[in-house]
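Student: Supplied structure: run16.pdb, PDB, C-alpha atoms.
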ATOM      1  CA  MET Q  25     -33.440  26.940 -59.341
ATOM      2  CA  LYS Q  26     -33.096  28.300 -55.832
ATOM      3  CA  ALA Q  27     -31.698  26.097 -53.087
ATOM      4  CA  ALA Q  28     -34.021  25.146 -50.261
ATOM      5  CA  ALA Q  29     -33.667  27.186 -47.061
ATOM      6  CA  PRO Q  30     -31.879  25.367 -44.253
ATOM      7  CA  THR Q  31     -34.033  23.788 -41.605
ATOM      8  CA  LEU Q  32     -34.275  25.324 -38.174
ATOM      9  CA  LYS Q  33     -32.182  22.508 -36.760
ATOM     10  CA  ALA Q  34     -29.488  23.068 -39.423
ATOM     11  CA  ARG Q  35     -29.408  26.778 -38.560
ATOM     12  CA  ALA Q  36     -29.029  25.913 -34.868
ATOM     13  CA  LEU Q  37     -26.172  23.520 -35.606
ATOM     14  CA  ARG Q  38     -24.421  26.084 -37.773
ATOM     15  CA  LEU Q  39     -24.624  28.674 -34.979
ATOM     16  CA  LEU Q  40     -23.557  26.229 -32.260
ATOM     17  CA  ALA Q  41     -20.587  25.085 -34.344
ATOM     18  CA  ARG Q  42     -19.122  28.602 -34.119
ATOM     19  CA  ARG Q  43     -19.541  29.191 -30.384
ATOM     20  CA  ASP Q  44     -21.614  28.231 -27.374
ATOM     21  CA  TYR Q  45     -24.904  30.068 -26.932
ATOM     22  CA  THR Q  46     -27.366  30.288 -24.089
ATOM     23  CA  ARG Q  47     -30.851  28.971 -24.758
ATOM     24  CA  HIS Q  48     -32.105  32.562 -24.760
ATOM     25  CA  GLU Q  49     -29.532  33.723 -27.337
ATOM     26  CA  LEU Q  50     -30.121  30.773 -29.637
ATOM     27  CA  ALA Q  51     -33.885  31.271 -29.430
ATOM     28  CA  GLN Q  52     -33.465  34.939 -30.410
ATOM     29  CA  ARG Q  53     -31.352  34.041 -33.418
ATOM     30  CA  LEU Q  54     -33.629  31.254 -34.593
ATOM     31  CA  ALA Q  55     -37.012  32.904 -33.919
ATOM     32  CA  PRO Q  56     -37.211  34.803 -37.235
ATOM     33  CA  HIS Q  57     -36.778  31.504 -39.097
ATOM     34  CA  ALA Q  58     -39.216  29.398 -37.056
ATOM     35  CA  ALA Q  59     -42.704  28.639 -38.311
ATOM     36  CA  ASP Q  60     -44.079  28.865 -34.761
ATOM     37  CA  ALA Q  61     -43.016  28.848 -31.110
ATOM     38  CA  ASP Q  62     -43.602  25.091 -30.774
ATOM     39  CA  GLU Q  63     -41.133  24.307 -33.562
ATOM     40  CA  LEU Q  64     -38.544  26.597 -31.976
ATOM     41  CA  GLU Q  65     -38.971  24.986 -28.543
ATOM     42  CA  ALA Q  66     -38.699  21.515 -30.039
ATOM     43  CA  VAL Q  67     -35.396  22.363 -31.752
ATOM     44  CA  LEU Q  68     -34.025  23.987 -28.582
ATOM     45  CA  ASP Q  69     -35.076  20.982 -26.478
ATOM     46  CA  ASP Q  70     -33.477  18.595 -28.974
ATOM     47  CA  CYS Q  71     -30.215  20.568 -28.967
ATOM     48  CA  ALA Q  72     -30.153  20.602 -25.170
ATOM     49  CA  ARG Q  73     -30.960  16.876 -24.937
ATOM     50  CA  ARG Q  74     -28.109  16.033 -27.308
ATOM     51  CA  GLY Q  75     -25.672  18.206 -25.319
ATOM     52  CA  TRP Q  76     -25.173  20.732 -28.104
ATOM     53  CA  LEU Q  77     -26.785  23.507 -26.064
ATOM     54  CA  ASP Q  78     -25.189  23.704 -22.615
ATOM     55  CA  GLU Q  79     -25.575  26.755 -20.355
ATOM     56  CA  ALA Q  80     -22.630  25.813 -18.122
ATOM     57  CA  ARG Q  81     -20.332  25.410 -21.110
ATOM     58  CA  ALA Q  82     -21.532  28.718 -22.585
ATOM     59  CA  LEU Q  83     -20.880  30.472 -19.273
ATOM     60  CA  GLU Q  84     -17.373  29.007 -19.024
ATOM     61  CA  ALA Q  85     -16.581  29.998 -22.602
ATOM     62  CA  HIS Q  86     -17.787  33.555 -22.010
ATOM     63  CA  LEU Q  87     -15.764  33.930 -18.820
ATOM     64  CA  HIS Q  88     -12.701  32.435 -20.481
ATOM     65  CA  ARG Q  89     -12.938  35.023 -23.282
ATOM     66  CA  ARG Q  90     -13.817  38.079 -21.205
ATOM     67  CA  ALA Q  91     -12.748  37.696 -17.560
ATOM     68  CA  SER Q  92      -9.077  38.585 -17.925
ATOM     69  CA  ALA Q  93      -9.850  42.210 -18.785
ATOM     70  CA  ARG Q  94     -13.207  42.763 -17.074
ATOM     71  CA  GLY Q  95     -14.379  43.193 -13.526
ATOM     72  CA  ARG Q  96     -17.028  41.286 -11.691
ATOM     73  CA  ALA Q  97     -19.781  43.887 -12.111
ATOM     74  CA  ARG Q  98     -19.261  44.152 -15.867
ATOM     75  CA  LEU Q  99     -19.161  40.377 -16.301
ATOM     76  CA  GLN Q 100     -22.348  39.920 -14.261
ATOM     77  CA  ALA Q 101     -24.117  42.467 -16.470
ATOM     78  CA  GLU Q 102     -22.891  40.668 -19.602
ATOM     79  CA  LEU Q 103     -24.106  37.320 -18.275
ATOM     80  CA  ARG Q 104     -27.550  38.761 -17.498
ATOM     81  CA  ALA Q 105     -27.703  40.328 -20.971
ATOM     82  CA  ARG Q 106     -26.853  36.995 -22.584
ATOM     83  CA  GLY Q 107     -29.789  35.393 -20.779
ATOM     84  CA  PHE Q 108     -28.160  33.111 -18.237
ATOM     85  CA  ALA Q 109     -30.987  32.090 -15.947
ATOM     86  CA  ASP Q 110     -29.702  29.333 -13.622
ATOM     87  CA  PRO Q 111     -29.184  31.010 -10.207
ATOM     88  CA  ALA Q 112     -26.846  28.267  -8.966
ATOM     89  CA  LEU Q 113     -24.652  28.596 -12.044
ATOM     90  CA  LEU Q 114     -24.546  32.394 -11.717
ATOM     91  CA  ALA Q 115     -23.739  32.209  -7.995
ATOM     92  CA  GLN Q 116     -20.888  29.796  -8.643
ATOM     93  CA  ALA Q 117     -19.467  32.064 -11.362
ATOM     94  CA  ASP Q 118     -19.814  35.113  -9.103
ATOM     95  CA  ALA Q 119     -17.888  33.401  -6.304
ATOM     96  CA  ARG Q 120     -15.053  32.520  -8.695
ATOM     97  CA  LEU Q 121     -14.972  36.055 -10.073
ATOM     98  CA  ALA Q 122     -14.909  37.566  -6.594
ATOM     99  CA  ALA Q 123     -11.963  35.364  -5.612
ATOM    100  CA  THR Q 124      -9.847  36.534  -8.563
ATOM    101  CA  GLU Q 125     -11.005  40.160  -8.849
ATOM    102  CA  ALA Q 126      -7.825  41.732  -7.442
ATOM    103  CA  GLU Q 127      -5.523  39.578  -9.581
ATOM    104  CA  ARG Q 128      -7.480  40.333 -12.753
ATOM    105  CA  ALA Q 129      -7.564  44.065 -11.953
ATOM    106  CA  GLN Q 130      -3.798  44.066 -11.358
ATOM    107  CA  ALA Q 131      -3.201  42.296 -14.676
ATOM    108  CA  ALA Q 132      -5.512  44.674 -16.579
ATOM    109  CA  TRP Q 133      -3.829  47.708 -15.010
ATOM    110  CA  ALA Q 134      -0.338  46.350 -15.770
ATOM    111  CA  ARG Q 135      -1.252  45.624 -19.414
ATOM    112  CA  ARG Q 136      -2.625  49.132 -19.930
ATOM    113  CA  PHE Q 137      -0.334  51.277 -17.784
ATOM    114  CA  GLY Q 138       2.396  49.332 -16.003
ATOM    115  CA  THR Q 139       3.890  52.431 -14.352
ATOM    116  CA  ALA Q 140       2.809  54.428 -11.337
ATOM    117  CA  PRO Q 141       0.863  57.618 -12.034
ATOM    118  CA  ARG Q 142       2.889  60.849 -12.109
ATOM    119  CA  ASP Q 143       0.186  63.063 -10.633
ATOM    120  CA  ALA Q 144      -3.350  63.016  -9.227
ATOM    121  CA  ALA Q 145      -4.940  63.479 -12.662
ATOM    122  CA  GLU Q 146      -3.083  60.455 -14.039
ATOM    123  CA  ARG Q 147      -4.084  58.383 -10.986
ATOM    124  CA  ALA Q 148      -7.720  59.397 -11.495
ATOM    125  CA  ARG Q 149      -7.484  58.356 -15.157
ATOM    126  CA  GLN Q 150      -6.066  54.967 -14.193
ATOM    127  CA  LEU Q 151      -8.802  54.482 -11.586
ATOM    128  CA  ARG Q 152     -11.500  55.383 -14.139
ATOM    129  CA  PHE Q 153     -10.003  52.840 -16.542
ATOM    130  CA  LEU Q 154     -10.499  50.024 -14.022
ATOM    131  CA  LEU Q 155     -13.920  51.252 -12.897
ATOM    132  CA  ALA Q 156     -15.164  51.412 -16.497
ATOM    133  CA  ARG Q 157     -14.231  47.769 -16.924
ATOM    134  CA  GLY Q 158     -16.371  46.757 -13.963
ATOM    135  CA  PHE Q 159     -13.794  46.383 -11.213
ATOM    136  CA  ALA Q 160     -14.938  47.327  -7.701
ATOM    137  CA  PRO Q 161     -13.833  50.770  -6.470
ATOM    138  CA  ASP Q 162     -11.958  49.347  -3.472
ATOM    139  CA  VAL Q 163     -10.089  46.901  -5.726
ATOM    140  CA  ALA Q 164      -9.208  49.698  -8.164
ATOM    141  CA  ARG Q 165      -7.853  51.844  -5.308
ATOM    142  CA  GLN Q 166      -5.696  48.939  -4.111
ATOM    143  CA  VAL Q 167      -4.310  48.234  -7.582
ATOM    144  CA  VAL Q 168      -3.468  51.746  -8.777
ATOM    145  CA  PRO Q 169      -0.316  52.902  -6.966
ATOM    146  CA  ARG Q 170      -0.650  55.928  -4.731
ATOM    147  CA  LEU Q 171       1.358  59.043  -5.299
ATOM    148  CA  GLY Q 172       4.486  59.439  -3.144
ATOM    149  CA  GLY Q 173       3.161  62.540  -1.345
ATOM    150  CA  ASP Q 174      -0.365  61.404  -0.448
ATOM    151  CA  GLY Q 175       0.489  59.079   2.401
ATOM    152  CA  GLY Q 176       1.745  56.096   0.437
ATOM    153  CA  GLY Q 177       0.085  52.746   0.648
ATOM    154  CA  GLU Q 178       0.763  49.170  -0.131
ATOM    155  CA  HIS Q 179       1.613  50.142  -3.713
ATOM    156  CA  GLY Q 180       3.630  53.282  -2.966
ATOM    157  CA  ASP Q 181       6.272  54.432  -5.384
ATOM    158  CA  GLY Q 182       9.114  53.293  -3.147
ATOM    159  CA  ASN Q 183      10.350  56.810  -2.294
ATOM    160  CA  GLU Q 184       9.151  56.757   1.297
ATOM    161  CA  PRO Q 185      12.164  56.362   3.615
ATOM    162  CA  GLY Q 186      11.842  53.136   5.544
ATOM    163  CA  GLY Q 187       8.324  52.474   4.280
ATOM    164  CA  ALA Q 188       5.775  50.988   6.686
ATOM    165  CA  ASP Q 189       8.441  49.900   9.197
ATOM    166  CA  LEU Q 190       8.679  53.480  10.568
ATOM    167  CA  HIS Q 191       5.073  53.301  11.716
ATOM    168  CA  ALA Q 192       5.314  49.857  13.293
ATOM    169  CA  ALA Q 193       7.384  51.011  16.266
TER     170      ALA Q 193
END
For the structure just supplied, provide its representation as structure tokens.
Tutor:
Amino acid sequence: MKAAAPTLKARALRLLARRDYTRHELAQRLAPHAADADELEAVLDDCARRGWLDEARALEAHLHRRASARGRARLQAELRARGFADPALLAQADARLAATEAERAQAAWARRFGTAPRDAAERARQLRFLLARGFAPDVARQVVPRLGGDGGGEHGDGNEPGGADLHAA
């Protein structure tokens, strides 16, 4: 004899036990198993009322998992794709991401490369690495060290005699 299929609520609990979902994501996963839209909405409302379905917690969990290696633009796109809808919650997350963008870009660059580029092609490759992960172009240019011969910068390779002090006088 075949076992009875789990209820919609049991499916929701099983999914939520693994990780936090947005209401949109959970609805997508449960929709094929729901008898109708009213049943699905009732289960989602019940989960939210009981605190099992929490958008703020899902957003925090996502940022905790992904923010260390991703830039603000990429994370915003991921959040939109996951169905986060609360504008206040998204604005708060965006402000936090903007405040730590340079630190996260520096850490991602150091994990992947850790040494200054040898030539312009290597610098371009390192810049593309950061840009592909959603870091802002100006942040990527600040993080990737400049070549010794192209005017230096705040992350020069240390070969410039006297550094910035020569230009201060």
Student: The PyMOL selection byres ((chain Q and resi 158) around 9) on the file shown: which residues, as a PyMOL selection string?
Tutor: chain Q and resi 94-99+154-157+159-161
Student: Which residues fall under the PyMOL selection byres ((chain Q and resi 133) around 10) in this file, as a VMD selection string?
Tutor: chain Q and resid 93 127 to 132 134 to 139 150 to 151 153 to 154 164 167 to 168
Student: Between CA of Ala112 (chain Q) and CA of Arg47 (chain Q), what is the distance, to one decimal in Å?
Tutor: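 Straight-line distance from CA of Ala112 (chain Q) to CA of Arg47 (chain Q) works out to 16.3 Å.
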Student: Between Q:Leu40, Q:Leu171, Q:Ala29, Q:Leu121, which one has atoms that come closest to Ser92 (chain Q), using only C-alpha atoms?
Tutor: Q:Leu121
Student: I want to know what sits within 9 Å of Asp78 (chain Q), based on all atoms listed in the file, with residues of the same chain fewer than 2 positions away left out; could you give that as a PyMOL selection string?
Tutor: chain Q and resi 44-47+71-72+75-76+80-83
Student: State, in Å with one decimal place, the distance from CA of Glu65 (chain Q) to CA of Gln100 (chain Q).
Tutor: 26.5 Å
Student: Here's the selection I'm unsure about, the PyMOL selection byres ((chain Q and resi 52) around 12); applied to the file above, which residues does it give, as a PyMOL selection string?
Tutor: chain Q and resi 36+39+45-51+53-58+61+64-65+68+106-107
Student: Grab the residues selected above and save them as a PDB file, in the frame of the given file with C-alpha atoms.
Tutor:
ATOM      1  CA  ALA Q  36     -29.029  25.913 -34.868  1.00  0.00           C
ATOM      2  CA  LEU Q  39     -24.624  28.674 -34.979  1.00  0.00           C
ATOM      3  CA  TYR Q  45     -24.904  30.068 -26.932  1.00  0.00           C
ATOM      4  CA  THR Q  46     -27.366  30.288 -24.089  1.00  0.00           C
ATOM      5  CA  ARG Q  47     -30.851  28.971 -24.758  1.00  0.00           C
ATOM      6  CA  HIS Q  48     -32.105  32.562 -24.760  1.00  0.00           C
ATOM      7  CA  GLU Q  49     -29.532  33.723 -27.337  1.00  0.00           C
ATOM      8  CA  LEU Q  50     -30.121  30.773 -29.637  1.00  0.00           C
ATOM      9  CA  ALA Q  51     -33.885  31.271 -29.430  1.00  0.00           C
ATOM     10  CA  ARG Q  53     -31.352  34.041 -33.418  1.00  0.00           C
ATOM     11  CA  LEU Q  54     -33.629  31.254 -34.593  1.00  0.00           C
ATOM     12  CA  ALA Q  55     -37.012  32.904 -33.919  1.00  0.00           C
ATOM     13  CA  PRO Q  56     -37.211  34.803 -37.235  1.00  0.00           C
ATOM     14  CA  HIS Q  57     -36.778  31.504 -39.097  1.00  0.00           C
ATOM     15  CA  ALA Q  58     -39.216  29.398 -37.056  1.00  0.00           C
ATOM     16  CA  ALA Q  61     -43.016  28.848 -31.110  1.00  0.00           C
ATOM     17  CA  LEU Q  64     -38.544  26.597 -31.976  1.00  0.00           C
ATOM     18  CA  GLU Q  65     -38.971  24.986 -28.543  1.00  0.00           C
ATOM     19  CA  LEU Q  68     -34.025  23.987 -28.582  1.00  0.00           C
ATOM     20  CA  ARG Q 106     -26.853  36.995 -22.584  1.00  0.00           C
ATOM     21  CA  GLY Q 107     -29.789  35.393 -20.779  1.00  0.00           C
TER      22      GLY Q 107
END
Student: Record the distance separating CA of Arg89 (chain Q) and CA of Val67 (chain Q), expressed in Å with one decimal.
Tutor: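 Result for CA of Arg89 (chain Q) versus CA of Val67 (chain Q): 27.1 Å, one decimal.
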Student: In terms of the shortest atom-to-atom distance over all atoms listed in the file, which of Q:Arg170, Q:Arg42, Q:Lys33, Q:Arg90 is closest to Asp69 (chain Q)?
Tutor: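 That would be Q:Lys33, the residue with the smallest distance to Asp69 (chain Q).
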Student: Under the rule that only C-alpha atoms are counted, which of Q:Pro111, Q:Asp118, Q:Ala59, Q:Arg74 is the nearest residue to Leu87 (chain Q)?
Tutor: Q:Asp118
Student: Q:Thr124, Q:Ala34, Q:His86, Q:Ala117: which is nearest Glu102 (chain Q), counting only C-alpha atoms?
Tutor: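 Smallest separation from Glu102 (chain Q) among the options: Q:His86.
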